[in-house]
>>> print(open('upload_28.tsv').read())   # TSV, C-alpha atoms and all ligand atoms
chain	number	residue	atom	x	y	z
Q	90	MET	CA	-5.41	10.03	16.37
Q	91	SER	CA	-2.51	9.61	18.74
Q	92	ALA	CA	-0.23	12.66	18.90
Q	93	LYS	CA	2.61	10.36	17.91
Q	94	ALA	CA	1.02	9.06	14.68
Q	95	ILE	CA	3.56	9.33	11.88
Q	96	LEU	CA	2.17	10.89	8.70
Q	97	SER	CA	4.25	10.62	5.55
Q	98	ALA	CA	3.66	11.05	1.83
Q	99	GLU	CA	5.13	9.47	-1.27
Q	100	PHE	CA	5.91	11.20	-4.57
Q	101	PHE	CA	7.40	10.03	-7.85
Q	102	PRO	CA	10.07	11.91	-9.84
Q	103	PRO	CA	8.42	14.39	-12.22
Q	104	ARG	CA	9.11	13.86	-15.93
Q	105	ASP	CA	8.98	17.46	-17.14
Q	106	ILE	CA	8.80	21.05	-15.93
Q	107	ALA	CA	5.00	21.10	-15.69
Q	108	ALA	CA	5.06	17.91	-13.60
Q	109	GLN	CA	7.79	19.40	-11.44
Q	110	GLU	CA	5.70	22.50	-10.81
Q	111	LYS	CA	2.78	20.30	-9.85
Q	112	LEU	CA	4.97	18.35	-7.41
Q	113	VAL	CA	6.16	21.56	-5.74
Q	114	ARG	CA	2.57	22.86	-5.46
Q	115	SER	CA	1.40	19.57	-3.94
Q	116	ALA	CA	4.33	19.33	-1.54
Q	117	LYS	CA	3.72	22.91	-0.35
Q	118	SER	CA	0.02	22.18	0.19
Q	119	LEU	CA	0.88	19.09	2.23
Q	120	MET	CA	3.22	21.05	4.51
Q	121	GLY	CA	0.26	21.94	6.71
Q	122	LEU	CA	-0.12	18.26	7.64
Q	123	ASN	CA	3.18	18.28	9.56
Q	124	LEU	CA	4.51	15.25	7.71
Q	125	SER	CA	7.32	13.37	9.44
Q	126	TYR	CA	8.96	12.87	6.07
Q	127	VAL	CA	8.23	12.49	2.36
Q	128	SER	CA	9.59	9.77	0.09
Q	129	VAL	CA	10.47	9.66	-3.62
Q	130	THR	CA	10.16	6.49	-5.69
Q	131	PHE	CA	13.00	4.99	-7.74
Q	132	GLY	CA	12.63	3.19	-11.08
Q	133	ALA	CA	14.06	-0.32	-10.65
Q	134	GLY	CA	17.06	-0.86	-12.86
Q	135	GLY	CA	18.07	2.78	-12.29
Q	136	SER	CA	15.59	4.20	-14.82
Q	137	THR	CA	14.85	7.25	-12.64
Q	138	ARG	CA	18.16	7.44	-10.80
Q	139	SER	CA	18.87	11.11	-11.55
Q	140	GLY	CA	15.16	11.98	-11.51
Q	141	THR	CA	14.86	10.57	-7.99
Q	142	ALA	CA	17.97	12.42	-6.80
Q	143	ASP	CA	16.72	15.70	-8.35
Q	144	ALA	CA	13.28	15.34	-6.75
Q	145	VAL	CA	14.93	14.56	-3.40
Q	146	GLN	CA	16.94	17.77	-3.66
Q	147	LEU	CA	13.87	19.78	-4.67
Q	148	LEU	CA	11.92	18.52	-1.65
Q	149	GLN	CA	14.87	19.00	0.71
Q	150	ASN	CA	15.06	22.61	-0.50
Q	151	LEU	CA	11.41	23.03	0.55
Q	152	GLY	CA	12.44	21.90	4.05
Q	153	PHE	CA	11.24	18.28	4.04
Q	154	ASP	CA	13.03	15.34	5.59
Q	155	VAL	CA	13.20	13.20	2.42
Q	156	ALA	CA	13.55	9.43	2.08
Q	157	PRO	CA	14.66	8.35	-1.39
Q	158	HIS	CA	13.50	4.87	-2.42
Q	159	LEU	CA	16.33	2.64	-3.59
Q	160	SER	CA	15.89	-0.69	-5.34
Q	161	CYS	CA	18.62	-3.27	-5.82
Q	162	ILE	CA	17.40	-5.47	-8.66
Q	163	GLY	CA	19.65	-5.21	-11.70
Q	164	ALA	CA	22.24	-3.12	-9.81
Q	165	SER	CA	25.81	-3.88	-8.75
Q	166	LYS	CA	27.07	-3.32	-5.22
Q	167	ALA	CA	29.30	-0.56	-6.62
Q	168	ASP	CA	26.24	1.25	-8.09
Q	169	ILE	CA	24.42	1.03	-4.78
Q	170	ALA	CA	27.46	2.14	-2.78
Q	171	GLU	CA	27.82	5.21	-5.02
Q	172	ILE	CA	24.17	6.16	-4.48
Q	173	LEU	CA	24.44	5.62	-0.71
Q	174	ASP	CA	27.54	7.84	-0.49
Q	175	TYR	CA	25.85	10.51	-2.60
Q	176	TYR	CA	22.76	10.60	-0.38
Q	177	GLN	CA	24.78	10.61	2.80
Q	178	GLN	CA	26.74	13.57	1.52
Q	179	LYS	CA	23.46	15.34	0.67
Q	180	GLY	CA	22.26	15.00	4.25
Q	181	VAL	CA	19.69	12.28	3.57
Q	182	LYS	CA	18.88	10.42	6.79
Q	183	ARG	CA	16.23	7.92	5.62
Q	184	LEU	CA	15.89	5.41	2.81
Q	185	VAL	CA	13.13	3.11	1.60
Q	186	ALA	CA	15.00	-0.08	0.63
Q	187	LEU	CA	13.37	-2.31	-1.98
Q	188	ARG	CA	14.08	-5.12	-4.35
Q	189	GLY	CA	12.06	-3.51	-7.16
Q	190	ASP	CA	10.69	-5.12	-10.29
Q	191	LEU	CA	12.73	-5.10	-13.46
Q	192	PRO	CA	11.29	-3.00	-16.28
Q	193	SER	CA	10.44	-5.07	-19.36
Q	194	GLY	CA	13.49	-5.52	-21.57
Q	195	MET	CA	15.80	-6.10	-18.58
Q	196	GLY	CA	14.61	-9.63	-17.84
Q	197	GLY	CA	17.20	-11.92	-16.27
Q	198	VAL	CA	19.52	-9.16	-14.99
Q	199	VAL	CA	19.15	-9.81	-11.27
Q	200	GLY	CA	22.26	-7.98	-10.07
Q	201	GLU	CA	24.44	-8.68	-7.05
Q	202	LEU	CA	21.72	-8.12	-4.44
Q	203	ARG	CA	18.81	-10.41	-5.11
Q	204	TYR	CA	16.28	-9.46	-2.44
Q	205	ALA	CA	15.49	-6.36	-0.40
Q	206	SER	CA	16.93	-8.20	2.63
Q	207	ASP	CA	20.30	-8.32	0.82
Q	208	LEU	CA	20.04	-4.58	0.15
Q	209	VAL	CA	19.27	-3.79	3.79
Q	210	ALA	CA	22.27	-5.89	4.89
Q	211	PHE	CA	24.47	-4.13	2.33
Q	212	ILE	CA	23.33	-0.66	3.44
Q	213	ARG	CA	24.18	-1.53	7.06
Q	214	GLU	CA	27.54	-2.97	6.00
Q	215	HIS	CA	28.43	0.02	3.81
Q	216	SER	CA	26.84	2.95	5.65
Q	217	GLY	CA	26.41	1.68	9.21
Q	218	ASP	CA	23.61	3.53	10.97
Q	219	ALA	CA	23.72	6.58	8.70
Q	220	PHE	CA	20.20	5.88	7.44
Q	221	HIS	CA	16.86	5.05	9.00
Q	222	ILE	CA	15.72	2.19	6.75
Q	223	GLU	CA	12.11	1.54	5.76
Q	224	VAL	CA	11.18	-1.65	3.92
Q	225	ALA	CA	8.03	-2.80	2.12
Q	226	ALA	CA	5.40	-5.08	3.68
Q	227	TYR	CA	2.47	-6.88	2.06
Q	228	PRO	CA	-0.54	-7.52	4.34
Q	229	GLU	CA	-2.23	-9.38	1.46
Q	230	MET	CA	0.98	-11.24	0.48
Q	231	HIS	CA	3.53	-10.25	-2.17
Q	232	PRO	CA	2.15	-11.39	-5.56
Q	233	GLN	CA	5.21	-13.53	-6.33
Q	234	ALA	CA	5.34	-15.27	-2.95
Q	235	LEU	CA	4.69	-18.99	-3.00
Q	236	SER	CA	2.78	-18.89	0.28
Q	237	PHE	CA	1.83	-16.43	2.99
Q	238	ASP	CA	3.99	-18.26	5.53
Q	239	GLU	CA	7.00	-18.04	3.27
Q	240	ASP	CA	6.39	-14.35	2.56
Q	241	VAL	CA	6.13	-13.64	6.29
Q	242	ARG	CA	9.36	-15.56	6.90
Q	243	HIS	CA	11.13	-13.51	4.22
Q	244	PHE	CA	9.73	-10.29	5.70
Q	245	VAL	CA	11.00	-11.20	9.17
Q	246	HIS	CA	14.43	-11.99	7.72
Q	247	LYS	CA	14.46	-8.62	5.92
Q	248	VAL	CA	13.61	-6.78	9.15
Q	249	ASN	CA	16.33	-8.68	10.99
Q	250	GLN	CA	18.92	-7.46	8.50
Q	251	GLY	CA	18.50	-3.99	10.02
Q	252	ALA	CA	15.23	-2.34	8.94
Q	253	ASP	CA	13.83	0.33	11.27
Q	254	ALA	CA	10.24	0.45	9.99
Q	255	ALA	CA	8.01	-0.91	7.23
Q	256	ILE	CA	5.48	0.67	4.90
Q	257	THR	CA	2.76	-1.55	3.51
Q	258	GLN	CA	1.45	-2.00	0.03
Q	259	TYR	CA	-1.99	-0.38	-0.09
Q	260	PHE	CA	-5.06	-2.39	0.83
Q	261	TYR	CA	-8.73	-1.70	1.60
Q	262	SER	CA	-9.29	-4.22	4.38
Q	263	ALA	CA	-8.18	-3.07	7.83
Q	264	GLY	CA	-8.46	-6.70	8.97
Q	265	ALA	CA	-5.72	-7.78	6.53
Q	266	TYR	CA	-3.37	-5.20	8.06
Q	267	PHE	CA	-4.08	-6.14	11.68
Q	268	ASP	CA	-3.75	-9.89	10.90
Q	269	PHE	CA	-0.40	-9.28	9.21
Q	270	VAL	CA	0.89	-7.18	12.10
Q	271	GLU	CA	-0.17	-9.82	14.61
Q	272	ARG	CA	1.47	-12.52	12.57
Q	273	VAL	CA	4.84	-10.82	12.21
Q	274	GLN	CA	4.81	-9.65	15.83
Q	275	LYS	CA	4.36	-13.26	16.89
Q	276	ALA	CA	7.46	-13.97	14.81
Q	277	GLY	CA	9.41	-11.40	16.85
Q	278	VAL	CA	9.06	-8.23	14.72
Q	279	THR	CA	8.82	-5.07	16.84
Q	280	ILE	CA	9.40	-2.28	14.29
Q	281	PRO	CA	6.49	0.04	13.34
Q	282	ILE	CA	4.50	-1.16	10.34
Q	283	ILE	CA	2.92	1.86	8.70
Q	284	PRO	CA	-0.13	1.28	6.49
Q	285	GLY	CA	0.24	2.60	2.93
Q	286	ILE	CA	-2.90	4.52	1.98
Q	287	MET	CA	-3.98	4.87	-1.64
Q	288	PRO	CA	-6.75	7.45	-2.04
Q	289	ILE	CA	-9.48	6.44	-4.51
Q	290	THR	CA	-10.06	9.15	-7.11
Q	291	ASN	CA	-10.06	7.32	-10.44
Q	292	SER	CA	-11.39	3.80	-10.85
Q	293	SER	CA	-9.63	2.73	-14.05
Q	294	GLN	CA	-6.27	3.92	-12.70
Q	295	LEU	CA	-6.86	2.13	-9.39
Q	296	LEU	CA	-7.78	-1.14	-11.12
Q	297	ARG	CA	-4.72	-0.89	-13.38
Q	298	PHE	CA	-2.32	-0.26	-10.45
Q	299	SER	CA	-3.92	-3.00	-8.39
Q	300	ASN	CA	-3.55	-5.53	-11.20
Q	301	MET	CA	0.13	-4.63	-11.47
Q	302	CYS	CA	0.98	-4.77	-7.77
Q	303	GLY	CA	-1.43	-7.45	-6.58
Q	304	ALA	CA	-3.36	-5.17	-4.20
Q	305	GLU	CA	-6.85	-6.49	-3.61
Q	306	ILE	CA	-9.89	-4.30	-4.33
Q	307	PRO	CA	-12.81	-5.80	-2.39
Q	308	ARG	CA	-15.73	-6.86	-4.58
Q	309	TRP	CA	-18.14	-4.35	-3.03
Q	310	ILE	CA	-15.77	-1.48	-3.86
Q	311	ARG	CA	-15.31	-2.72	-7.43
Q	312	LEU	CA	-19.08	-2.98	-7.91
Q	313	ARG	CA	-19.74	0.50	-6.52
Q	314	LEU	CA	-16.99	1.97	-8.72
Q	315	ALA	CA	-18.46	0.21	-11.77
Q	316	ASP	CA	-21.90	1.67	-10.93
Q	317	PHE	CA	-20.50	5.20	-11.01
Q	318	GLY	CA	-19.24	4.77	-14.58
Q	319	ASP	CA	-17.67	8.07	-15.71
Q	320	ASP	CA	-19.17	10.09	-12.85
Q	321	ARG	CA	-15.85	11.24	-11.42
Q	322	ALA	CA	-17.35	13.45	-8.71
Q	323	SER	CA	-19.25	10.48	-7.26
Q	324	ILE	CA	-16.16	8.27	-7.47
Q	325	ARG	CA	-14.15	10.87	-5.56
Q	326	ALA	CA	-16.87	11.31	-2.91
Q	327	PHE	CA	-17.23	7.54	-2.48
Q	328	GLY	CA	-13.44	7.08	-2.40
Q	329	LEU	CA	-13.10	9.76	0.25
Q	330	ASP	CA	-15.71	8.06	2.46
Q	331	VAL	CA	-14.16	4.61	2.05
Q	332	VAL	CA	-10.52	5.58	2.51
Q	333	SER	CA	-11.13	8.02	5.40
Q	334	GLN	CA	-13.03	5.29	7.25
Q	335	LEU	CA	-10.22	2.82	6.56
Q	336	ALA	CA	-7.61	5.30	7.81
Q	337	GLN	CA	-9.63	6.03	10.95
Q	338	ASP	CA	-10.12	2.32	11.65
Q	339	LEU	CA	-6.39	1.74	11.24
Q	340	ILE	CA	-5.44	4.53	13.62
Q	341	ASP	CA	-8.14	3.58	16.13
Q	342	GLY	CA	-6.88	-0.02	16.02
Q	343	GLY	CA	-3.33	1.07	16.88
Q	344	ALA	CA	-1.55	1.63	13.54
Q	345	PRO	CA	1.46	3.86	14.31
Q	346	GLY	CA	0.86	6.21	11.37
Q	347	LEU	CA	-0.21	6.49	7.73
Q	348	HIS	CA	1.89	6.72	4.55
Q	349	PHE	CA	0.00	8.33	1.66
Q	350	TYR	CA	0.55	7.37	-1.96
Q	351	THR	CA	-0.11	10.86	-3.33
Q	352	LEU	CA	0.54	10.25	-7.04
Q	353	ASN	CA	1.99	13.78	-6.81
Q	354	GLY	CA	-1.37	15.36	-5.96
Q	355	ALA	CA	-2.29	16.88	-2.59
Q	356	GLU	CA	-6.06	17.22	-2.55
Q	357	ALA	CA	-7.08	13.60	-1.94
Q	358	THR	CA	-4.57	13.19	0.91
Q	359	MET	CA	-5.58	16.51	2.51
Q	360	ASN	CA	-9.26	15.61	2.30
Q	361	ILE	CA	-8.67	12.27	4.02
Q	362	VAL	CA	-6.46	13.67	6.80
Q	363	ASN	CA	-8.92	16.52	7.41
Q	364	ARG	CA	-11.67	13.96	8.02
Q	365	LEU	CA	-9.69	12.07	10.66
Q	366	SER	CA	-10.39	12.89	14.26
Q	367	LEU	CA	-7.19	14.37	15.56
C	1	LIG	C1	6.02	1.08	0.23
C	1	LIG	C2	6.45	0.56	-1.11
C	1	LIG	C3	7.25	1.36	-1.92
C	1	LIG	C4	7.69	0.89	-3.17
C	1	LIG	N1	8.49	1.71	-3.93
C	1	LIG	C5	9.00	1.26	-5.09
C	1	LIG	C6	9.91	2.03	-5.87
C	1	LIG	O1	10.23	3.17	-5.53
C	1	LIG	N2	10.41	1.49	-7.00
C	1	LIG	C7	10.08	0.23	-7.40
C	1	LIG	O2	10.59	-0.21	-8.44
C	1	LIG	N3	9.21	-0.53	-6.72
C	1	LIG	C8	8.67	-0.05	-5.56
C	1	LIG	N4	7.81	-0.83	-4.83
C	1	LIG	C9	7.39	-2.13	-5.36
C	1	LIG	C10	8.38	-3.25	-4.98
C	1	LIG	O3	9.63	-2.99	-5.54
C	1	LIG	C11	7.81	-4.55	-5.53
C	1	LIG	O4	6.65	-4.91	-4.81
C	1	LIG	C12	8.79	-5.71	-5.62
C	1	LIG	O5	8.14	-6.76	-6.35
C	1	LIG	C13	9.21	-6.30	-4.29
C	1	LIG	O6	10.02	-5.48	-3.59
C	1	LIG	P1	10.36	-5.80	-2.03
C	1	LIG	O7	11.34	-4.81	-1.61
C	1	LIG	O8	9.13	-5.98	-1.27
C	1	LIG	O9	11.07	-7.24	-2.26
C	1	LIG	P2	11.52	-8.42	-1.30
C	1	LIG	O10	11.33	-8.09	0.13
C	1	LIG	O11	12.88	-8.82	-1.74
C	1	LIG	O12	10.47	-9.56	-1.67
C	1	LIG	C14	10.17	-9.87	-3.03
C	1	LIG	C15	9.68	-11.29	-3.14
C	1	LIG	O13	10.77	-12.19	-2.91
C	1	LIG	C16	10.46	-13.09	-1.87
C	1	LIG	N5	11.70	-13.31	-1.11
C	1	LIG	C17	12.32	-12.45	-0.28
C	1	LIG	N6	13.45	-12.99	0.21
C	1	LIG	C18	13.55	-14.23	-0.34
C	1	LIG	C19	14.50	-15.29	-0.24
C	1	LIG	N7	15.59	-15.16	0.54
C	1	LIG	N8	14.29	-16.41	-0.96
C	1	LIG	C20	13.20	-16.55	-1.77
C	1	LIG	N9	12.27	-15.58	-1.90
C	1	LIG	C21	12.44	-14.44	-1.20
C	1	LIG	C22	9.36	-12.41	-1.05
C	1	LIG	O14	8.56	-13.37	-0.34
C	1	LIG	C23	8.60	-11.69	-2.13
C	1	LIG	O15	7.70	-12.56	-2.79
C	1	LIG	C24	7.31	-0.40	-3.61
C	1	LIG	C25	6.48	-1.19	-2.80
C	1	LIG	C26	6.04	-0.72	-1.57
C	1	LIG	C27	5.13	-1.58	-0.72
>>> encode(input="upload_28.tsv", output="structure tokens")
Amino acid sequence: MSAKAILSAEFFPPRDIAAQEKLVRSAKSLMGLNLSYVSVTFGAGGSTRSGTADAVQLLQNLGFDVAPHLSCIGASKADIAEILDYYQQKGVKRLVALRGDLPSGMGGVVGELRYASDLVAFIREHSGDAFHIEVAAYPEMHPQALSFDEDVRHFVHKVNQGADAAITQYFYSAGAYFDFVERVQKAGVTIPIIPGIMPITNSSQLLRFSNMCGAEIPRWIRLRLADFGDDRASIRAFGLDVVSQLAQDLIDGGAPGLHFYTLNGAEATMNIVNRLSL
């Protein structure tokens, strides 16, 4: 792995004290990986607004550079401005800027900023260069996009509004990532595009998430997972082999880093990183 590879990890806001303790344990375990930063997700429509801010503070207190996620769907510019000012005052230097998906029951409430590109433009207008801005990328196409070409065009526009880097949706085909990077680079994008890595530890959870977010699970992986049935140890061992190889292929092929979707656990991420040749 290149000495400059950026490693980062994503958490979600814990819902109770036990979950908070787990998050702290995981974050402390991951400290040994020398993460460039950690990020904390945000429930679109503001459903985790204070939970995200609390988790950000908790992780800052542990010494991490923390990037809160911020989504614009359903929000007003005044809401977003208030959150930006709050984070700036708390010493936050990075943000992950997203459109988000409205939770059920909030259908139709788009808000004043319709797409992530509008949010990036608003952050630059309101906060200047106070934040390093990451945006989302979809090597296998965003599930709502009408075509790949259109999705790529929208991504390029979003980057041009002032994004500094992108993190991808997870995927299990290194080729999809490299094709996407080549495509957007041909369209003039020069920012780092960091692959999002989802460890495989639980097949029903993985299939559920992938159905929701449109991430593709290759047929051979689905079949192997089905063969393991409830044998969780074999699923974890298989998942570790598959995802470590993917991560190594990505780094060997020139990916500038890896962003781990930890689901607030540390073990799967540690096991993968420990397998990579450093
Ligand atoms: C790394 C990462 C982190 C995430 N974290 C969170 C989180 O914390 N909270 C959360 O709620 N969700 C999160 N998500 C999920 C994300 O919010 C959803 O995937 C959402 O559906 C799209 O968000 P986006 O920022 O990619 O949207 P956008 O970039 O706005 O794109 C959304 C769709 O709109 C289309 N589009 C964009 N611009 C235009 C335009 N001008 N005209 C027409 N169509 C357009 C795009 O092609 C795409 O299909 C995350 C996703 C990733 C990859």
>>> atom_distance(input="upload_28.tsv", atom1="atom CA of Q:Gln146", atom2="atom CA of Q:Ile283")
24.5 Å
>>> residues_around(input="upload_28.tsv", residues="Q:Ala234", least_positions_apart="5", cutoff="12 Å", atoms="only C-alpha atoms", output="ChimeraX atom specification")
/Q:227,229,239-244,303
>>> write_last_selection(input="upload_28.tsv", atoms="C-alpha atoms", output="tab-separated table (two decimals), in the frame of the given file")
chain	number	residue	atom	x	y	z
Q	227	TYR	CA	2.47	-6.88	2.06
Q	229	GLU	CA	-2.23	-9.38	1.46
Q	239	GLU	CA	7.00	-18.04	3.27
Q	240	ASP	CA	6.39	-14.35	2.56
Q	241	VAL	CA	6.13	-13.64	6.29
Q	242	ARG	CA	9.36	-15.56	6.90
Q	243	HIS	CA	11.13	-13.51	4.22
Q	244	PHE	CA	9.73	-10.29	5.70
Q	303	GLY	CA	-1.43	-7.45	-6.58
>>> closest_residue(input="upload_28.tsv", among="Q:Thr141, Q:Thr358, Q:Gln177, Q:Ser366", to="Q:Asp341", atoms="all atoms listed in the file")
Q:Ser366
>>> closest_residue(input="upload_28.tsv", among="Q:Asp253, Q:Glu99, Q:Glu214, Q:Glu171", to="ligand LIG 1 (chain C)", atoms="all atoms listed in the file")
Q:Glu99
>>> atom_distance(input="upload_28.tsv", atom1="atom C12 of ligand LIG 1 (chain C)", atom2="atom CA of Q:Val155")
21.0 Å
>>> axis_aligned_box(input="upload_28.tsv", around="stretch 260-278 of chain Q", padding_each_side="3 Å", output="AutoDock Vina command-line options")
--center_x 0.1 --center_y -7.8 --center_z 8.9 --size_x 24.7 --size_y 18.3 --size_z 22.1
>>> atom_distance(input="upload_28.tsv", atom1="atom CA of Q:Asp238", atom2="atom O14 of ligand LIG 1 (chain C)")
8.9 Å
>>> residues_around(input="upload_28.tsv", residues="Q:Phe349", least_positions_apart="4", cutoff="8 Å", atoms="only C-alpha atoms", output="ChimeraX atom specification")
/Q:96-99,285-288,358
>>> closest_residue(input="upload_28.tsv", among="Q:Glu305, Q:Ile280, Q:Gln294, Q:Ile212", to="Q:Met230", atoms="all atoms listed in the file")
Q:Glu305
>>> residues_around(input="upload_28.tsv", residues="stretch 322-339 of chain Q", least_positions_apart="5", cutoff="8 Å", atoms="all atoms listed in the file", output="JSON, numbers by chain")
{"Q": [90, 261, 262, 263, 284, 286, 287, 288, 289, 290, 291, 292, 314, 317, 344, 347, 357, 360, 361, 362, 364, 365, 366]}
>>> closest_residue(input="upload_28.tsv", among="Q:Met359, Q:Ile95, Q:Met120, Q:Leu184", to="ligand LIG 1 (chain C)", atoms="only C-alpha atoms and all ligand atoms")
Q:Leu184
>>> residues_near_point(input="upload_28.tsv", point="(19.8, 15.2, 2.6)", cutoff="8 Å", atoms="all atoms listed in the file", output="PyMOL selection string")
chain Q and resi 145-146+149+154-155+176-182
>>> closest_residue(input="upload_28.tsv", among="Q:Ala133, Q:Ile310, Q:Ile340, Q:Ala167", to="ligand LIG 1 (chain C)", atoms="only C-alpha atoms and all ligand atoms")
Q:Ala133
